[in-house]
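Notes for the one structure printed next.
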Amino acid sequence: MMSPIVGVSLLALVLSGGAWAFVPTGGGASSHVSMTQSAVLQKVTEVCRAIAQLEGQDFILTGNSAEELVHACLGPSAIGEVSAAKFKSALNDINEQHPLVDRDFVDSPQHHFNSELFARGRSLITSGVASIKANVRAENFHAARETLGRVLHTLQDFYSHSNWVDLGYTQPYINLLRPDLPLENLADFKTPTCKDCTNGGFCPNSLLPDILRKKILTSGYMGITSKFKPNGKCSHGGVEDLTSLTSPRGGISKDERRPDNEALHNTAVTLATTASLQLLDDIRGAAGDKDFLRLMGVARSSVVVFVIDTTGSMSNDIAEAKRMVNEIIDSKKGTQDEPSQYILVPFNDPEFGPLIRTTDPNVMKAEIAKLTADGGGDPPEMCLSGLQLALTGAPASSHIYVFTDAAAKDISLKDTISALIRSTKSTVSFFITDGGASRRRRRRSVDMFDIYRDLALASGGQAIRVSKANLPQATGIIADSSTSALVTVLQRARNPGKPETFSFQLDESLTNITIYITGNTLAFTLKNPAGVTQTETEASGKLGTVQKVGNLYRIRLASNKQTGLWEINMNSNQPYTLKITGQSTIAFIYDFVESFGGPHPGYAPISGRPESGVPAILLVSVLGKKGPASVKVSDVVLVTVSGSEVIGGTLEDVGNGDFLVTVTKVPAGEFVVLVNGTDLVSTTLFQRQSTTQMSVSSVTIRAVVDRTMEPGKAFTLPFVVMTNSTGGSYKINARNDKDFTMNYPTSVMVGTGGNATANLTITAPANTESGTDITLTIEAVAPGSVDSNYVVLRLSVVTKVTDFTPPQCEVVNVSTVDCPADPVFCNASFWQLSANLTDGVNGTGIATLKSRQGVGSLTHTDLKQMFVAAYFNASCCSPKVELVAVDNAMNVGVCLYSIVRSSVPPSLTLTLPLWACLLVSALFSEPFRGLLI
């Protein structure tokens with residue numbers, strides 16, 4: 001479906017000449033983005049409410065914004081600031097796939113349920129859902145979100161591009177989510193389906209009466225380059241559809257609301273949204289409530305990632321990392337600052353890894369306690385290999401801390417690391433401690449600090465050089481940044497240094513404000529809006545406390561800080577960096593986008609650096625404490641990190657806190673994004689800055705992932721290298737984080753202003769676990785290495801699924817007493833239910849069985865048996881239960897049961913129809929399907 005953006009989005013598309021796309025103006029709730037957001041918000045609300053109920057807490061939702069929903073989900077369980085940044089980012093991960101499907105699969109009928117390719121369209125949905133479930137089980141949430149966006153797009157298109165709603169159906173076609181059920185009553189190739197629209201455009205009642213009477217399912221044909229369609233077939237319709245000019249003319253698309261189809265369009269939107277909810281509920285059942293929320297980014301913002309050198313000289317550093325982990329776990333438990341996930345990546349020489357991640361703080365304590373310093377006699381170590389593993393395994397926008405005392409042996413990975421930093425927007429900080437004399441001699445040939453400093457600067461992190469004895473004083477930076485709602489106010493770098501004054505705006509919402517300065521031989525003076533000053537020589541002054549360790553100054557502002565315009569005067573002729581952070585619910589998310597044409601023209605997110613020589617376009621989403629209505633944006637600018645150039649962009653308010661920003665001239669060199677505005681809650685000015693550095697390139701590289709990989713089978717990925725500059729031989733570099741075997745050309749010839757296509761083949765070993773996520777980076781380097789660009793792709797390895805039938809359930813006994821409805825008395829009375837469950841003779845077996853909705857106790861017999869007996873006990877205050885059974889193929893079966901509370905013994909009431917005796921399979925049973933269609 002196509003129509004204007006309403007709500008959270010990475011993408012705003014242009015309305016031009018009547019062509020339909022996601023547009024920044026206009027309205028309605030019928031875009032893919034708005035339907036997806038509506039379904040996600042509804043399902044997340046449902047899950048958060050269910051969790052609160054099970055934990056005995058109130059679920060209080062004060063508004064309908066993403067920020068207020070996240071606060072309702074997380075706020076009651078912990079003290080501290082609650083940020084919706086991860087939730088908004090997760091929504092963007094999903095929503096950005098909608099325009100990519102329209103751009104990259106514009107001529108693929110099955111991706112849009114065009115040309116009557118129902119079986120192939122359903123296969124995209126069901127294989128995609130299998131991939132999502134496998135990814136979630138393996139905790140590869142980013143890959144799962146990307147697949148989810150593509151699947152939702154195809155599913156939603158069914159209701160607009162087919163005649164399902166024209167046939168009078170008022171419920172979704174559940175068979176699209178169930179490959180074990182047949183696709184019924186489909187039009188064959190020879191059956192005419194439409195009559196001619198004499199006006200050449202859309203017209204009411206274009207479907208043939210026989211198609212409507214017999215309820216035959218069809219969809220329109222779409223021709224981008226050809227007018228051909230089978231005789232008598234319907235077209236999609238619209239100015240870009242050439243088949244609509246061939247009789248029968250017109251089209252049956254319900255993408256947009258028109259006078260001839262208003263009711264059908266509205267029904268299609270409703271069914272597409274409801275179908276999206278059904279798909280999300282199936283994923284929720286397979287994932288479980290906690291992992292479903294992690295998939296959707298509803299979690300405390302902090303993820304702590306340690307990359308630790310475990311070679312022989314690192315015993316002191318490892319001991320400090322252990323101490324810091326234990327301190328973070330113990331001091332932040334029960335607050336919003338408690339990390340939502342812990343990740344550990346050890347590296348040695350030649351070994352590195354494995355990546356260990358857990359949400360359980362005690363597990364992380366145990367894992368880091370196992371680390372010992374041993375081996376690595378050759379000083380350069382596999383530092384960048386360990387960092388690559390962390391960047392690909394950690395969530396986007398993570399804070400990663402690297403401990404080492406040696407140079408990197410794998411320097412060839414530097415460009416790949418830079419690409420991954422830009423792609424993930426993660427921040428990397430290095431703690432570099434002094435090693436032995438032999439190590440110092442080797443550093444004369446390769447200055448490790450310069451490499452680590454460059455990578456830290458590119459990510460917005462710190463490169464801290466300190467003695468081993470003073471390392472404990474420097475690691476306070478980890479406690480500072482392992483917090484929720486962390487934002488950056490300002491970051492700059494100078495090489496070489498020079499006397500310079502930087503101003504920055506502090507607003508009322510900011511707390512725990514910290515200034516970090518790295519460099520040697522420098523002086524600074526900090527001044528507040530009232531003119532009060534403090535220098536680097538004052539450890540404890542009127543403005544805050546100053547701590548120096550190694551090359552790091554750490555200034556903590558006093559809690560009674562003044563809002564307004566502050567200044568810091570830097571005085572040094574040596575290289576230095578300046579960074580100012582704090583905690584606040586006011587933040588922003590951004591991505592660069594590029595325009596594309598076709599029947600659904602618009603903007604798609606860029607993987608890699610933006611193209612030089614053309615305007616840069618950004619989609620910026622701004623968050624406020626009470627939603628986007630609580631902030632006002634005044635401008636968005638691009639700022640050079642190492643210079644003083646500031647270039648503003650034109651703002652177009654897309655709505656709901658989203659802005660389309662066009663910058664006609666992009667700064668030369670590396671730049672960041674700066675947002676200025678007003679916090680309407682406190683009426684104070686704010687500024688926020690991105691941390692990841694970006695620059696433009698005359699090289700573009702593009703590749704499209706359209707399917708999953710299978711273990712043991714070669715996977716071929718075409719990619720295109722383009723340039724708007726001088727042609728020649730472009731060097732190709734490709735790496736993947738799993739070290740799977742790859743074959744690709746080491747160079748391609750590209751003509752001036754032209755492009756070239758090549759193939760990369762990658763093979764996952766036959767024993768690769770289903771759900772494994774591979775991060776693939778392909779880089780193209782221009783002749784003479786004067787320019788380069790990259791694309792970062794995620795490939796999922798999924799074992800072919802053969803079991804599509806969900807577990808079945810039969811209620812065998814219900815025992816109740818008189819269950820009073822009065823909440824004063826219902827706790828004193830109880831009811832019990834027993835049920836039998838099975839995955840059938842040919843099934844993969846039940847893997848998990850849980851209860852949701854109802855608050856009570858569930859017990860069951862051994863899940864490894866063919867038949868499983870389940871017993872649920874609850875008070876009369878909890879009259880409903882939903883048993884969720886998931887088999888080993890991650891098919892989900894659901895039993896819903898509800899008692900009647902009255903003054904007489906309750907009768908048996910089921911919220912789903914019978915299957916055999918009293919059964920059920922969450923909206924997926926044959927009888928329920930019959931009710932729907």
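Chain labels A, B, ... are given in the sequence in which chains occur in the structure tokens; within each chain residues are numbered consecutively from 1, and ligands are likewise numbered from 1 in the order shown.
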At a cut-off of 6 Å, using only C-alpha atoms, what residues contact stretch 154-171 of chain A? Leave out same-chain residues fewer than 2 positions from it and give the result as a PyMOL selection string. chain A and resi 1+111-113+151-152+212+215+218-219+253-255+268+272+932
For the selection you just gave me, I'd like the residues written to a file as a PDB file, in the first residue's frame, keeping C-alpha atoms.
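Everything below was put into part_24.pdb:
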ATOM      1  CA  MET A   1       0.000   0.000   0.000  1.00  0.00           C
ATOM      2  CA  HIS A 111       6.931  -9.219  -3.428  1.00  0.00           C
ATOM      3  CA  HIS A 112       3.700  -7.275  -4.022  1.00  0.00           C
ATOM      4  CA  PHE A 113       1.183 -10.072  -4.668  1.00  0.00           C
ATOM      5  CA  VAL A 151       7.597  -9.556   5.186  1.00  0.00           C
ATOM      6  CA  LEU A 152       5.118  -6.978   6.480  1.00  0.00           C
ATOM      7  CA  LEU A 212     -17.388 -11.965  -7.383  1.00  0.00           C
ATOM      8  CA  LYS A 215     -15.419 -15.732  -4.822  1.00  0.00           C
ATOM      9  CA  THR A 218      -7.167 -12.771  -8.254  1.00  0.00           C
ATOM     10  CA  SER A 219      -4.741  -9.839  -8.272  1.00  0.00           C
ATOM     11  CA  SER A 253      -5.315  -1.466  -6.728  1.00  0.00           C
ATOM     12  CA  LYS A 254      -6.507   0.004  -3.454  1.00  0.00           C
ATOM     13  CA  ASP A 255      -3.190   1.702  -2.649  1.00  0.00           C
ATOM     14  CA  ALA A 268      -7.900  -3.000   2.932  1.00  0.00           C
ATOM     15  CA  ALA A 272      -3.622  -5.185   6.418  1.00  0.00           C
ATOM     16  CA  LEU A 932     -12.700 -15.811   8.717  1.00  0.00           C
TER      17      LEU A 932
END
Can you tell me, as a ChimeraX atom specification, which residues in stretch 686-900 of chain A count as strand (DSSP E or B) by DSSP? /A:686-689,694,697,699-703,709,714-723,728-736,741-743,747-750,755-763,772-781,788-797,808-816,830-838,846-852,856-860,867-875,880-887,892-899
Extract, using only C-alpha atoms, all DNA, RNA and protein residues at most 9 Å from A:Thr772, discarding same-chain residues fewer than 4 positions from it, and format them as a PyMOL selection string. chain A and resi 134-135+138+140+768+795-798
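The residue that comes closest to A:Ala319, out of A:Val720, A:Val304, A:Ala469, A:Val620 and on the basis of only C-alpha atoms, is A:Ala469.
The space between atom CA of A:Pro628 and atom CA of A:Asn656 spans 5.7 Å.
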Excluding stretch 522-527 of chain A and any residue of its chain fewer than 2 positions from it, enumerate the residues within 12 Å of it, using only C-alpha atoms, and give them as a VMD selection string. chain A and resid 494 496 to 505 515 to 520 529 to 538 541 to 546 548 551 to 553 555 to 557 561 to 562 564 to 578
Taking 3 positions as the minimum chain separation for residues in the same chain, which residues sit within 7 Å of A:Leu277 when counting only C-alpha atoms? Answer as a count of residues only. 6
Name the residues in contact with A:Cys877 at a cut-off of 10 Å, using only C-alpha atoms, excluding same-chain residues fewer than 2 positions from it; report them as a list in words. Cys819, Pro820, Ala821, Asp822, Pro823, Val824, Phe825, Cys826, Asn827, Ala828, Ser829, Phe830, Trp831, Gly854, Val855, Ala874, Ser875, Pro879, Lys880 and Arg901 of chain A
Given the selection you just returned, output its residues as a file containing C-alpha atoms, formatted as a tab-separated table (two decimals), in the first residue's frame.
chain	number	residue	atom	x	y	z
A	819	CYS	CA	-16.55	-17.84	41.05
A	820	PRO	CA	-17.69	-14.41	42.25
A	821	ALA	CA	-17.06	-11.50	39.93
A	822	ASP	CA	-16.69	-9.12	42.88
A	823	PRO	CA	-12.94	-8.35	43.24
A	824	VAL	CA	-13.37	-8.28	47.01
A	825	PHE	CA	-14.22	-11.98	47.12
A	826	CYS	CA	-12.74	-13.54	43.98
A	827	ASN	CA	-9.28	-14.14	45.49
A	828	ALA	CA	-10.76	-16.64	47.93
A	829	SER	CA	-12.06	-18.92	45.14
A	830	PHE	CA	-10.08	-20.92	42.59
A	831	TRP	CA	-10.50	-22.81	39.35
A	854	GLY	CA	-3.89	-15.50	33.06
A	855	VAL	CA	-2.16	-15.06	36.42
A	874	ALA	CA	-5.75	-19.65	39.19
A	875	SER	CA	-7.97	-17.58	41.44
A	879	PRO	CA	-10.77	-15.79	34.72
A	880	LYS	CA	-8.75	-16.21	31.52
A	901	ARG	CA	-17.88	-15.65	36.88
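For A:Leu54, the non-local neighbours within 10 Å, defined as residues at least 4 positions apart in the same chain or in other chains and counting only C-alpha atoms, are Cys48, Arg49, Ala50, Arg852, Gln853, Gly854, Val855 and Gly856 of chain A.
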Using only C-alpha atoms, the shortest atom-to-atom distance to A:Thr404 among A:Asn205, A:Thr684, A:Ser607, A:Ser467 belongs to A:Ser467
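Counting only C-alpha atoms, the residue from A:Ala369, A:Leu245, A:Met314, A:Ala406 that sits nearest to A:Phe228 is A:Leu245.
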